[in-house]
Amino acid sequence: MLKKLKQSKIKFITILSSLFLALFISVPIICIVTHTTLSALITSILSEEIQFAIRLSLGTAAISTIMCIAISIPAAYALARYDFFGKSFVNTTLDAPLALPPLVAGVSLLILFGTTSFGKALADAGLVLVFTPLGIIIAQFFVNVPFMLRILRGTFQGINPRYEHVAETLGCTKAQAFWRVTLPMSKNGFLAGSIITWSKGIGEFGAALMLAGATRMKTETLPISVFLNMSCNELNLAIAAATILIIISLISLFVFERYGGFTRVF
Amino acid sequence: MIRIENLSKDLGEFFLRDVSLEINDGEYFMVLGPTGAGKTILLETIAGIYHADSGRIFLDEQDITDIPPRERNIGMVYQDYTLFPFLTVEENIGFGLKTRKVTKREIKRRVEELANLMGVSQLLHRYPGTLSGGEQQRTAIARALIMEPKVLLLDEPLSALDTQTAERLRQELKNIHSITNTTIIHVTHSFEEAFLLGSRMAVMNKGEIVQVGTPNDVFRKPESEFVAEFLGVGNLFQGKSRVDNGIACIDVGDINIVSATLKSGSVHVSIRPEDILVSTKQIVSSARNSFKGKIASIVDAGTTLKIAVDVGIDNPFIVAITKQSFDELNLKTGGEVYITFKASAVHVF
Ligand SMILES: Nc1ncnc2c1ncn2[C@@H]1O[C@H](COP(=O)(O)OP(=O)(O)OP(=O)(O)O)[C@@H](O)[C@H]1O
Ligand SMILES: [Mg+2]
């Protein structure tokens, strides 16, 4: 009897703490969305500034995601399939941006592209990264590429190389075997990786702020817009930008849960 | 003809050591060995997936050692089928022809032909995930055969299947071999399979080929302790079986062996040496097989003794007994004994 009571006490306390946690997370989010009236929200979303921020965010995140995919495919494949000298060094280095505070990543990018002769050479060649939308893309790429890499590496590792071997005996070159067999088998990994990278790209603030700055209607992505408008007390605009960020992250969370199963990657 | 000369491959924890083999055109060649012996790696090296560290491989007198897999014209079927999960059975079978310059219509025709041969015509629109093991195996074989390979490598094609399916597919492999006359190298754990399919076989252990010969030879004259131990059957006879009254009676020469396995026609019979009783007087028991014979030889096999008992047919019966019983029975070479075993101990295949 006593034992049962004790057990139910533990049950009660643990369930209560999980409910409390859920409440603590959902209430602030609901607060943002319900802070203004619906019509004010819609007006703000339709304003030129927020429209610009939406387009800039979606665009830069899409481009940086494509860049992440393009470089991660070969790199992840090598890390999954081959043993080579310095492999563990490469693995550790590629994980570094995960641990680095984005703000610090942004500062280091700013120093690289803004002060070194390498950065100057790039700028002379027309690739101006400092305080431009291009810088946003590079910042997103730098911070997010480890996610894509880890997901694809895990995906490739999960595919038995014998599939490629069979394809080779069926007349494929190594490249064809990869293209015709491994890539289609990695579909879910690509989907999960793209969604994570893209939605993290949209939310990227620290690194982009340092490298690309916060210039209204120039490098104003959605998070930067929240920041700028909060600073100048334009609460409605800030909330509009924040609401869109919430919607995007909820959608990507849903898609990720649905097609993911990639928790082991982190 | 495929000729392998002193093939070696170092994979770190595993070595393929100095493998030499000659397999004739149209031969059905079996490779037997315990798990981890390197059978799969041997096949993969023949297919060109691993490049040999030393040694040469010749296919029809052409040196293919340095040729990539796609140009070797050697088909490979892995033990876990490795069908492409995102393609239908039809697309799986046709996969290889797409890399060759073959028209869509021709691919379709060939796929149907192979699907017919392998008995998977009704499954063409299905995805591999929904197929049974046997159906997957048939599809995988069809996918390899459509390339008309000079050599077909089969990695334990029957071991993941239930007995009935395995038996049916084994029969079909035999048919396919006689229809296509493709040279087949077939890897297995099962001596029975080797006996029923192979014209010759090789036994592998720890990355080395330890014996090559016809199944009969290898079985009768194991050249090493390992081979004898691995094959481990001991008594093997060939004969004609008649099923009568719920029992099979197998004529293996001058004697009839009774078995509980109801299979008629031309069969092989095996009895494990441990399942045979030896006695100095005839014993009355429920066991259906009892023969009188002479002890031809006595061999010390460690914990047991192996006694060869000549009952007047070509090959003596091998009986395993403990040293204690041996002493108690006071057995001697040339001595007269009775051997007895139950019908259920007689394995027929
Ligand atoms: N790429 C590889 N690198 C290093 N070792 C390997 C590699 N592939 C297989 N091995 C090892 O080589 C040994 C032989 O493997 P193999 O797959 O050829 O055995 P097998 O005879 O086919 O066994 P089974 O009957 O279980 O299939 C195993 O110990 C395996 O772990
Ligand atoms: Mg194997």
# chains A, B, ... in the order shown; residues from 1 in each chain; ligands from 1
>>> residues_near_ligand(ligand="ligand 2", cutoff="12 Å", atoms="only C-alpha atoms and all ligand atoms", output="PDB file with all heavy atoms, in the first residue's frame")
ATOM      1  N   ARG A 162      27.903  -2.933 -50.664  1.00  0.00           N
ATOM      2  CA  ARG A 162      27.635  -4.005 -51.625  1.00  0.00           C
ATOM      3  C   ARG A 162      26.627  -3.591 -52.696  1.00  0.00           C
ATOM      4  O   ARG A 162      26.638  -4.135 -53.791  1.00  0.00           O
ATOM      5  CB  ARG A 162      27.120  -5.240 -50.902  1.00  0.00           C
ATOM      6  CG  ARG A 162      28.239  -5.964 -50.189  1.00  0.00           C
ATOM      7  CD  ARG A 162      27.753  -7.181 -49.476  1.00  0.00           C
ATOM      8  NE  ARG A 162      28.902  -7.869 -48.874  1.00  0.00           N
ATOM      9  CZ  ARG A 162      28.786  -8.934 -48.107  1.00  0.00           C
ATOM     10  NH1 ARG A 162      27.602  -9.424 -47.832  1.00  0.00           N
ATOM     11  NH2 ARG A 162      29.852  -9.502 -47.598  1.00  0.00           N
TER      12      ARG A 162
ATOM     13  N   VAL B  31      32.183 -23.690 -53.553  1.00  0.00           N
ATOM     14  CA  VAL B  31      33.194 -23.302 -52.573  1.00  0.00           C
ATOM     15  C   VAL B  31      32.576 -23.453 -51.191  1.00  0.00           C
ATOM     16  O   VAL B  31      31.546 -22.848 -50.900  1.00  0.00           O
ATOM     17  CB  VAL B  31      33.667 -21.853 -52.787  1.00  0.00           C
ATOM     18  CG1 VAL B  31      34.654 -21.456 -51.695  1.00  0.00           C
ATOM     19  CG2 VAL B  31      34.297 -21.693 -54.155  1.00  0.00           C
ATOM     20  N   LEU B  32      33.197 -24.296 -50.373  1.00  0.00           N
ATOM     21  CA  LEU B  32      32.684 -24.549 -49.030  1.00  0.00           C
ATOM     22  C   LEU B  32      33.657 -23.997 -48.002  1.00  0.00           C
ATOM     23  O   LEU B  32      34.858 -24.000 -48.226  1.00  0.00           O
ATOM     24  CB  LEU B  32      32.595 -26.062 -48.788  1.00  0.00           C
ATOM     25  CG  LEU B  32      31.203 -26.653 -48.711  1.00  0.00           C
ATOM     26  CD1 LEU B  32      30.747 -26.928 -50.114  1.00  0.00           C
ATOM     27  CD2 LEU B  32      31.207 -27.925 -47.892  1.00  0.00           C
ATOM     28  N   GLY B  33      33.116 -23.594 -46.878  1.00  0.00           N
ATOM     29  CA  GLY B  33      34.003 -23.174 -45.804  1.00  0.00           C
ATOM     30  C   GLY B  33      33.194 -22.641 -44.649  1.00  0.00           C
ATOM     31  O   GLY B  33      32.055 -22.230 -44.835  1.00  0.00           O
ATOM     32  N   PRO B  34      33.788 -22.635 -43.454  1.00  0.00           N
ATOM     33  CA  PRO B  34      33.073 -22.111 -42.300  1.00  0.00           C
ATOM     34  C   PRO B  34      32.925 -20.593 -42.412  1.00  0.00           C
ATOM     35  O   PRO B  34      33.536 -19.975 -43.282  1.00  0.00           O
ATOM     36  CB  PRO B  34      33.976 -22.478 -41.121  1.00  0.00           C
ATOM     37  CG  PRO B  34      35.338 -22.606 -41.705  1.00  0.00           C
ATOM     38  CD  PRO B  34      35.141 -23.083 -43.110  1.00  0.00           C
ATOM     39  N   THR B  35      32.123 -20.021 -41.563  1.00  0.00           N
ATOM     40  CA  THR B  35      31.919 -18.581 -41.622  1.00  0.00           C
ATOM     41  C   THR B  35      33.228 -17.846 -41.322  1.00  0.00           C
ATOM     42  O   THR B  35      34.006 -18.280 -40.481  1.00  0.00           O
ATOM     43  CB  THR B  35      30.787 -18.164 -40.661  1.00  0.00           C
ATOM     44  OG1 THR B  35      30.618 -16.771 -40.760  1.00  0.00           O
ATOM     45  CG2 THR B  35      31.090 -18.535 -39.227  1.00  0.00           C
ATOM     46  N   GLY B  36      33.480 -16.793 -42.082  1.00  0.00           N
ATOM     47  CA  GLY B  36      34.715 -16.038 -41.907  1.00  0.00           C
ATOM     48  C   GLY B  36      35.899 -16.630 -42.649  1.00  0.00           C
ATOM     49  O   GLY B  36      37.023 -16.159 -42.504  1.00  0.00           O
ATOM     50  N   ALA B  37      35.672 -17.647 -43.464  1.00  0.00           N
ATOM     51  CA  ALA B  37      36.776 -18.290 -44.179  1.00  0.00           C
ATOM     52  C   ALA B  37      37.298 -17.415 -45.318  1.00  0.00           C
ATOM     53  O   ALA B  37      38.407 -17.608 -45.808  1.00  0.00           O
ATOM     54  CB  ALA B  37      36.324 -19.640 -44.734  1.00  0.00           C
ATOM     55  N   GLY B  38      36.493 -16.452 -45.738  1.00  0.00           N
ATOM     56  CA  GLY B  38      36.916 -15.583 -46.829  1.00  0.00           C
ATOM     57  C   GLY B  38      36.248 -15.918 -48.150  1.00  0.00           C
ATOM     58  O   GLY B  38      36.705 -15.504 -49.206  1.00  0.00           O
ATOM     59  N   LYS B  39      35.139 -16.634 -48.081  1.00  0.00           N
ATOM     60  CA  LYS B  39      34.460 -17.042 -49.303  1.00  0.00           C
ATOM     61  C   LYS B  39      33.916 -15.834 -50.066  1.00  0.00           C
ATOM     62  O   LYS B  39      34.102 -15.712 -51.277  1.00  0.00           O
ATOM     63  CB  LYS B  39      33.308 -18.006 -48.967  1.00  0.00           C
ATOM     64  CG  LYS B  39      33.748 -19.199 -48.138  1.00  0.00           C
ATOM     65  CD  LYS B  39      32.615 -20.153 -47.842  1.00  0.00           C
ATOM     66  CE  LYS B  39      31.504 -19.580 -46.988  1.00  0.00           C
ATOM     67  NZ  LYS B  39      31.873 -19.277 -45.603  1.00  0.00           N
ATOM     68  N   THR B  40      33.252 -14.943 -49.331  1.00  0.00           N
ATOM     69  CA  THR B  40      32.698 -13.760 -49.986  1.00  0.00           C
ATOM     70  C   THR B  40      33.815 -12.903 -50.579  1.00  0.00           C
ATOM     71  O   THR B  40      33.705 -12.414 -51.707  1.00  0.00           O
ATOM     72  CB  THR B  40      31.872 -12.941 -48.987  1.00  0.00           C
ATOM     73  OG1 THR B  40      30.833 -13.768 -48.475  1.00  0.00           O
ATOM     74  CG2 THR B  40      31.261 -11.728 -49.646  1.00  0.00           C
ATOM     75  N   ILE B  41      34.899 -12.756 -49.824  1.00  0.00           N
ATOM     76  CA  ILE B  41      36.006 -11.939 -50.309  1.00  0.00           C
ATOM     77  C   ILE B  41      36.620 -12.559 -51.562  1.00  0.00           C
ATOM     78  O   ILE B  41      36.981 -11.841 -52.500  1.00  0.00           O
ATOM     79  CB  ILE B  41      37.055 -11.758 -49.198  1.00  0.00           C
ATOM     80  CG1 ILE B  41      36.445 -10.863 -48.116  1.00  0.00           C
ATOM     81  CG2 ILE B  41      38.342 -11.161 -49.734  1.00  0.00           C
ATOM     82  CD1 ILE B  41      37.329 -10.622 -46.940  1.00  0.00           C
ATOM     83  N   LEU B  42      36.698 -13.878 -51.590  1.00  0.00           N
ATOM     84  CA  LEU B  42      37.217 -14.543 -52.792  1.00  0.00           C
ATOM     85  C   LEU B  42      36.333 -14.208 -53.999  1.00  0.00           C
ATOM     86  O   LEU B  42      36.825 -13.818 -55.059  1.00  0.00           O
ATOM     87  CB  LEU B  42      37.285 -16.059 -52.586  1.00  0.00           C
ATOM     88  CG  LEU B  42      37.694 -16.870 -53.818  1.00  0.00           C
ATOM     89  CD1 LEU B  42      39.118 -16.514 -54.239  1.00  0.00           C
ATOM     90  CD2 LEU B  42      37.581 -18.365 -53.564  1.00  0.00           C
ATOM     91  N   LEU B  43      35.027 -14.318 -53.821  1.00  0.00           N
ATOM     92  CA  LEU B  43      34.116 -13.991 -54.921  1.00  0.00           C
ATOM     93  C   LEU B  43      34.282 -12.526 -55.330  1.00  0.00           C
ATOM     94  O   LEU B  43      34.318 -12.190 -56.511  1.00  0.00           O
ATOM     95  CB  LEU B  43      32.656 -14.241 -54.522  1.00  0.00           C
ATOM     96  CG  LEU B  43      32.204 -15.692 -54.330  1.00  0.00           C
ATOM     97  CD1 LEU B  43      30.695 -15.762 -54.258  1.00  0.00           C
ATOM     98  CD2 LEU B  43      32.708 -16.594 -55.447  1.00  0.00           C
ATOM     99  N   GLU B  44      34.382 -11.655 -54.328  1.00  0.00           N
ATOM    100  CA  GLU B  44      34.499 -10.227 -54.638  1.00  0.00           C
ATOM    101  C   GLU B  44      35.797  -9.921 -55.380  1.00  0.00           C
ATOM    102  O   GLU B  44      35.841  -9.015 -56.222  1.00  0.00           O
ATOM    103  CB  GLU B  44      34.417  -9.398 -53.352  1.00  0.00           C
ATOM    104  CG  GLU B  44      33.003  -9.343 -52.799  1.00  0.00           C
ATOM    105  CD  GLU B  44      32.905  -8.585 -51.492  1.00  0.00           C
ATOM    106  OE1 GLU B  44      33.852  -8.652 -50.679  1.00  0.00           O
ATOM    107  OE2 GLU B  44      31.883  -7.928 -51.251  1.00  0.00           O
ATOM    108  N   VAL B  77      25.864 -12.425 -57.214  1.00  0.00           N
ATOM    109  CA  VAL B  77      24.651 -12.382 -56.398  1.00  0.00           C
ATOM    110  C   VAL B  77      25.077 -12.543 -54.943  1.00  0.00           C
ATOM    111  O   VAL B  77      25.629 -13.568 -54.573  1.00  0.00           O
ATOM    112  CB  VAL B  77      23.670 -13.511 -56.783  1.00  0.00           C
ATOM    113  CG1 VAL B  77      22.441 -13.471 -55.889  1.00  0.00           C
ATOM    114  CG2 VAL B  77      23.266 -13.392 -58.244  1.00  0.00           C
ATOM    115  N   TYR B  78      24.853 -11.498 -54.156  1.00  0.00           N
ATOM    116  CA  TYR B  78      25.288 -11.517 -52.759  1.00  0.00           C
ATOM    117  C   TYR B  78      24.359 -12.340 -51.884  1.00  0.00           C
ATOM    118  O   TYR B  78      23.201 -12.552 -52.226  1.00  0.00           O
ATOM    119  CB  TYR B  78      25.331 -10.098 -52.202  1.00  0.00           C
ATOM    120  CG  TYR B  78      26.636  -9.395 -52.452  1.00  0.00           C
ATOM    121  CD1 TYR B  78      26.717  -8.373 -53.378  1.00  0.00           C
ATOM    122  CD2 TYR B  78      27.774  -9.749 -51.751  1.00  0.00           C
ATOM    123  CE1 TYR B  78      27.911  -7.708 -53.604  1.00  0.00           C
ATOM    124  CE2 TYR B  78      28.966  -9.093 -51.965  1.00  0.00           C
ATOM    125  CZ  TYR B  78      29.031  -8.076 -52.885  1.00  0.00           C
ATOM    126  OH  TYR B  78      30.205  -7.423 -53.106  1.00  0.00           O
ATOM    127  N   GLN B  79      24.875 -12.735 -50.715  1.00  0.00           N
ATOM    128  CA  GLN B  79      24.076 -13.582 -49.841  1.00  0.00           C
ATOM    129  C   GLN B  79      22.847 -12.859 -49.305  1.00  0.00           C
ATOM    130  O   GLN B  79      21.870 -13.489 -48.955  1.00  0.00           O
ATOM    131  CB  GLN B  79      24.928 -14.183 -48.713  1.00  0.00           C
ATOM    132  CG  GLN B  79      25.606 -13.201 -47.799  1.00  0.00           C
ATOM    133  CD  GLN B  79      26.768 -13.847 -47.040  1.00  0.00           C
ATOM    134  OE1 GLN B  79      27.914 -13.591 -47.314  1.00  0.00           O
ATOM    135  NE2 GLN B  79      26.480 -14.704 -46.082  1.00  0.00           N
ATOM    136  N   ASP B  80      22.907 -11.518 -49.228  1.00  0.00           N
ATOM    137  CA  ASP B  80      21.719 -10.804 -48.763  1.00  0.00           C
ATOM    138  C   ASP B  80      20.989 -10.130 -49.930  1.00  0.00           C
ATOM    139  O   ASP B  80      20.308  -9.127 -49.750  1.00  0.00           O
ATOM    140  CB  ASP B  80      22.070  -9.805 -47.661  1.00  0.00           C
ATOM    141  CG  ASP B  80      23.409  -9.136 -47.924  1.00  0.00           C
ATOM    142  OD1 ASP B  80      23.899  -9.252 -49.065  1.00  0.00           O
ATOM    143  OD2 ASP B  80      23.962  -8.499 -47.020  1.00  0.00           O
ATOM    144  N   TYR B  81      21.141 -10.664 -51.119  1.00  0.00           N
ATOM    145  CA  TYR B  81      20.424 -10.269 -52.348  1.00  0.00           C
ATOM    146  C   TYR B  81      20.781  -8.874 -52.868  1.00  0.00           C
ATOM    147  O   TYR B  81      20.911  -8.693 -54.061  1.00  0.00           O
ATOM    148  CB  TYR B  81      18.899 -10.350 -52.193  1.00  0.00           C
ATOM    149  CG  TYR B  81      18.422 -11.511 -51.384  1.00  0.00           C
ATOM    150  CD1 TYR B  81      17.506 -11.345 -50.357  1.00  0.00           C
ATOM    151  CD2 TYR B  81      18.911 -12.787 -51.630  1.00  0.00           C
ATOM    152  CE1 TYR B  81      17.076 -12.428 -49.605  1.00  0.00           C
ATOM    153  CE2 TYR B  81      18.494 -13.866 -50.879  1.00  0.00           C
ATOM    154  CZ  TYR B  81      17.579 -13.687 -49.875  1.00  0.00           C
ATOM    155  OH  TYR B  81      17.170 -14.731 -49.127  1.00  0.00           O
ATOM    156  N   LEU B 153      28.656 -15.674 -60.073  1.00  0.00           N
ATOM    157  CA  LEU B 153      29.097 -15.939 -58.706  1.00  0.00           C
ATOM    158  C   LEU B 153      27.886 -15.890 -57.783  1.00  0.00           C
ATOM    159  O   LEU B 153      27.171 -14.885 -57.737  1.00  0.00           O
ATOM    160  CB  LEU B 153      30.115 -14.880 -58.267  1.00  0.00           C
ATOM    161  CG  LEU B 153      31.285 -14.651 -59.224  1.00  0.00           C
ATOM    162  CD1 LEU B 153      32.152 -13.485 -58.740  1.00  0.00           C
ATOM    163  CD2 LEU B 153      32.130 -15.909 -59.351  1.00  0.00           C
ATOM    164  N   LEU B 154      27.647 -16.972 -57.066  1.00  0.00           N
ATOM    165  CA  LEU B 154      26.496 -17.028 -56.157  1.00  0.00           C
ATOM    166  C   LEU B 154      27.002 -17.169 -54.731  1.00  0.00           C
ATOM    167  O   LEU B 154      27.654 -18.153 -54.388  1.00  0.00           O
ATOM    168  CB  LEU B 154      25.606 -18.231 -56.497  1.00  0.00           C
ATOM    169  CG  LEU B 154      25.018 -18.294 -57.893  1.00  0.00           C
ATOM    170  CD1 LEU B 154      24.294 -19.617 -58.107  1.00  0.00           C
ATOM    171  CD2 LEU B 154      24.068 -17.130 -58.120  1.00  0.00           C
ATOM    172  N   ASP B 155      26.709 -16.168 -53.885  1.00  0.00           N
ATOM    173  CA  ASP B 155      27.180 -16.210 -52.508  1.00  0.00           C
ATOM    174  C   ASP B 155      26.074 -16.742 -51.605  1.00  0.00           C
ATOM    175  O   ASP B 155      25.125 -16.018 -51.293  1.00  0.00           O
ATOM    176  CB  ASP B 155      27.619 -14.809 -52.075  1.00  0.00           C
ATOM    177  CG  ASP B 155      28.399 -14.835 -50.773  1.00  0.00           C
ATOM    178  OD1 ASP B 155      28.582 -15.939 -50.222  1.00  0.00           O
ATOM    179  OD2 ASP B 155      28.822 -13.762 -50.319  1.00  0.00           O
ATOM    180  N   GLU B 156      26.186 -17.968 -51.203  1.00  0.00           N
ATOM    181  CA  GLU B 156      25.208 -18.621 -50.333  1.00  0.00           C
ATOM    182  C   GLU B 156      23.764 -18.317 -50.738  1.00  0.00           C
ATOM    183  O   GLU B 156      22.991 -17.765 -49.970  1.00  0.00           O
ATOM    184  CB  GLU B 156      25.429 -18.187 -48.878  1.00  0.00           C
ATOM    185  CG  GLU B 156      26.828 -18.533 -48.404  1.00  0.00           C
ATOM    186  CD  GLU B 156      27.016 -18.317 -46.911  1.00  0.00           C
ATOM    187  OE1 GLU B 156      26.027 -18.420 -46.186  1.00  0.00           O
ATOM    188  OE2 GLU B 156      28.155 -18.064 -46.506  1.00  0.00           O
ATOM    189  N   PRO B 157      23.393 -18.690 -51.957  1.00  0.00           N
ATOM    190  CA  PRO B 157      22.076 -18.307 -52.458  1.00  0.00           C
ATOM    191  C   PRO B 157      20.925 -18.999 -51.742  1.00  0.00           C
ATOM    192  O   PRO B 157      19.805 -18.520 -51.797  1.00  0.00           O
ATOM    193  CB  PRO B 157      22.125 -18.737 -53.926  1.00  0.00           C
ATOM    194  CG  PRO B 157      23.141 -19.816 -53.976  1.00  0.00           C
ATOM    195  CD  PRO B 157      24.161 -19.464 -52.939  1.00  0.00           C
ATOM    196  N   SER B 159      21.085 -20.257 -48.347  1.00  0.00           N
ATOM    197  CA  SER B 159      21.208 -20.455 -46.902  1.00  0.00           C
ATOM    198  C   SER B 159      20.208 -19.643 -46.085  1.00  0.00           C
ATOM    199  O   SER B 159      19.939 -19.984 -44.944  1.00  0.00           O
ATOM    200  CB  SER B 159      22.628 -20.157 -46.438  1.00  0.00           C
ATOM    201  OG  SER B 159      22.979 -18.855 -46.786  1.00  0.00           O
ATOM    202  N   ALA B 160      19.643 -18.582 -46.685  1.00  0.00           N
ATOM    203  CA  ALA B 160      18.698 -17.794 -45.891  1.00  0.00           C
ATOM    204  C   ALA B 160      17.253 -18.261 -46.097  1.00  0.00           C
ATOM    205  O   ALA B 160      16.328 -17.657 -45.587  1.00  0.00           O
ATOM    206  CB  ALA B 160      18.825 -16.315 -46.239  1.00  0.00           C
ATOM    207  N   HIS B 186      29.613 -21.265 -56.757  1.00  0.00           N
ATOM    208  CA  HIS B 186      28.543 -21.202 -55.773  1.00  0.00           C
ATOM    209  C   HIS B 186      29.140 -21.437 -54.388  1.00  0.00           C
ATOM    210  O   HIS B 186      29.750 -22.460 -54.133  1.00  0.00           O
ATOM    211  CB  HIS B 186      27.520 -22.293 -56.154  1.00  0.00           C
ATOM    212  CG  HIS B 186      26.391 -22.493 -55.203  1.00  0.00           C
ATOM    213  ND1 HIS B 186      25.108 -22.753 -55.621  1.00  0.00           N
ATOM    214  CD2 HIS B 186      26.311 -22.510 -53.854  1.00  0.00           C
ATOM    215  CE1 HIS B 186      24.316 -22.920 -54.584  1.00  0.00           C
ATOM    216  NE2 HIS B 186      25.018 -22.776 -53.495  1.00  0.00           N
ATOM    217  N   VAL B 187      28.967 -20.455 -53.511  1.00  0.00           N
ATOM    218  CA  VAL B 187      29.511 -20.546 -52.161  1.00  0.00           C
ATOM    219  C   VAL B 187      28.451 -21.090 -51.218  1.00  0.00           C
ATOM    220  O   VAL B 187      27.285 -20.709 -51.310  1.00  0.00           O
ATOM    221  CB  VAL B 187      29.964 -19.148 -51.685  1.00  0.00           C
ATOM    222  CG1 VAL B 187      30.074 -19.097 -50.179  1.00  0.00           C
ATOM    223  CG2 VAL B 187      31.293 -18.783 -52.321  1.00  0.00           C
ATOM    224  N   THR B 188      28.842 -21.974 -50.342  1.00  0.00           N
ATOM    225  CA  THR B 188      27.867 -22.525 -49.404  1.00  0.00           C
ATOM    226  C   THR B 188      28.532 -23.003 -48.119  1.00  0.00           C
ATOM    227  O   THR B 188      29.750 -23.167 -48.046  1.00  0.00           O
ATOM    228  CB  THR B 188      27.096 -23.699 -50.036  1.00  0.00           C
ATOM    229  OG1 THR B 188      26.230 -24.251 -49.069  1.00  0.00           O
ATOM    230  CG2 THR B 188      28.042 -24.784 -50.504  1.00  0.00           C
ATOM    231  N   HIS B 189      27.715 -23.199 -47.089  1.00  0.00           N
ATOM    232  CA  HIS B 189      28.170 -23.844 -45.858  1.00  0.00           C
ATOM    233  C   HIS B 189      27.872 -25.331 -45.920  1.00  0.00           C
ATOM    234  O   HIS B 189      28.361 -26.100 -45.114  1.00  0.00           O
ATOM    235  CB  HIS B 189      27.359 -23.334 -44.656  1.00  0.00           C
ATOM    236  CG  HIS B 189      27.761 -21.992 -44.211  1.00  0.00           C
ATOM    237  ND1 HIS B 189      26.853 -21.007 -43.934  1.00  0.00           N
ATOM    238  CD2 HIS B 189      28.972 -21.460 -43.967  1.00  0.00           C
ATOM    239  CE1 HIS B 189      27.496 -19.928 -43.556  1.00  0.00           C
ATOM    240  NE2 HIS B 189      28.768 -20.174 -43.566  1.00  0.00           N
ATOM    241  N   MET B 204      37.519 -24.039 -48.198  1.00  0.00           N
ATOM    242  CA  MET B 204      38.320 -22.890 -47.759  1.00  0.00           C
ATOM    243  C   MET B 204      38.370 -22.820 -46.259  1.00  0.00           C
ATOM    244  O   MET B 204      37.398 -23.144 -45.574  1.00  0.00           O
ATOM    245  CB  MET B 204      37.676 -21.597 -48.253  1.00  0.00           C
ATOM    246  CG  MET B 204      38.174 -21.102 -49.561  1.00  0.00           C
ATOM    247  SD  MET B 204      37.554 -19.440 -49.829  1.00  0.00           S
ATOM    248  CE  MET B 204      39.004 -18.490 -49.436  1.00  0.00           C
ATOM    249  N   GLY B 207      41.093 -18.057 -45.214  1.00  0.00           N
ATOM    250  CA  GLY B 207      41.648 -17.364 -46.369  1.00  0.00           C
ATOM    251  C   GLY B 207      42.437 -18.241 -47.325  1.00  0.00           C
ATOM    252  O   GLY B 207      43.020 -17.746 -48.274  1.00  0.00           O
TER     253      GLY B 207
END
>>> interface_residues(of="chain B", to="chain A", cutoff="6 Å", atoms="only C-alpha atoms", output="ChimeraX atom specification")
/B:69-70,82,96,99
>>> closest_residue(among="B:Ala47, B:Ala140, B:Leu11, B:Ile184", to="ligand 1", atoms="only C-alpha atoms and all ligand atoms")
B:Leu11
>>> residues_around(residues="Ile137 in chain A", least_positions_apart="5", cutoff="7 Å", atoms="only C-alpha atoms", output="MDAnalysis selection string")
chainID A and resid 60:61 63:64
>>> residues_around(residues="Ala241 in chain A", least_positions_apart="3", cutoff="6 Å", atoms="only C-alpha atoms", output="list in words")
Leu222, Val226, Ala238 and Ile244 of chain A
>>> select_by_dssp(residues="range 7-218 of chain B", states="alpha helix (DSSP H)", output="PyMOL selection string")
chain B and resi 39-47+89-99+104-118+133-145+163-180+191-197+215-218
>>> select_by_dssp(residues="range 17-202 of chain B", states="strand (DSSP E)", output="VMD selection string")
chain B and resid 17 to 23 28 to 32 54 to 59 62 to 63 74 to 77 151 to 155 183 to 188 200 to 202
>>> atom_distance(atom1="CA of Lys332 in chain B", atom2="CA of Arg272 in chain B")
21.9 Å
>>> residues_around(residues="Gly193 in chain A", least_positions_apart="5", cutoff="7 Å", atoms="only C-alpha atoms", output="MDAnalysis selection string")
chainID A and resid 147:148 151
>>> closest_residue(among="B:Ala287, B:Val309, B:Val346, B:Leu16", to="ligand 1", atoms="only C-alpha atoms and all ligand atoms")
B:Leu16
>>> closest_residue(among="B:Leu97, B:Pro68, B:Lys9, B:Arg17", to="Ala52 in chain B", atoms="only C-alpha atoms")
B:Lys9
>>> closest_residue(among="A:Gln51, A:Ile196, A:Ile239, A:Gly59", to="Thr36 in chain A", atoms="only C-alpha atoms")
A:Ile239
>>> residues_around(residues="Glu90 in chain B", least_positions_apart="2", cutoff="8 Å", atoms="only C-alpha atoms", output="VMD selection string")
chain B and resid 87 to 88 92 to 94 111 124 to 125
>>> atom_distance(atom1="CA of Gln211 in chain B", atom2="CA of Val299 in chain B")
22.2 Å
>>> residues_around(residues="Pro215 in chain B", least_positions_apart="5", cutoff="8 Å", atoms="only C-alpha atoms", output="ChimeraX atom specification")
/B:194-195,198-201
>>> atom_distance(atom1="CA of Pro101 in chain A", atom2="CA of Phe142 in chain A")
11.8 Å
>>> closest_residue(among="A:Arg81, A:Leu100, A:Pro133, A:Val33", to="ligand 1", atoms="only C-alpha atoms and all ligand atoms")
A:Arg81
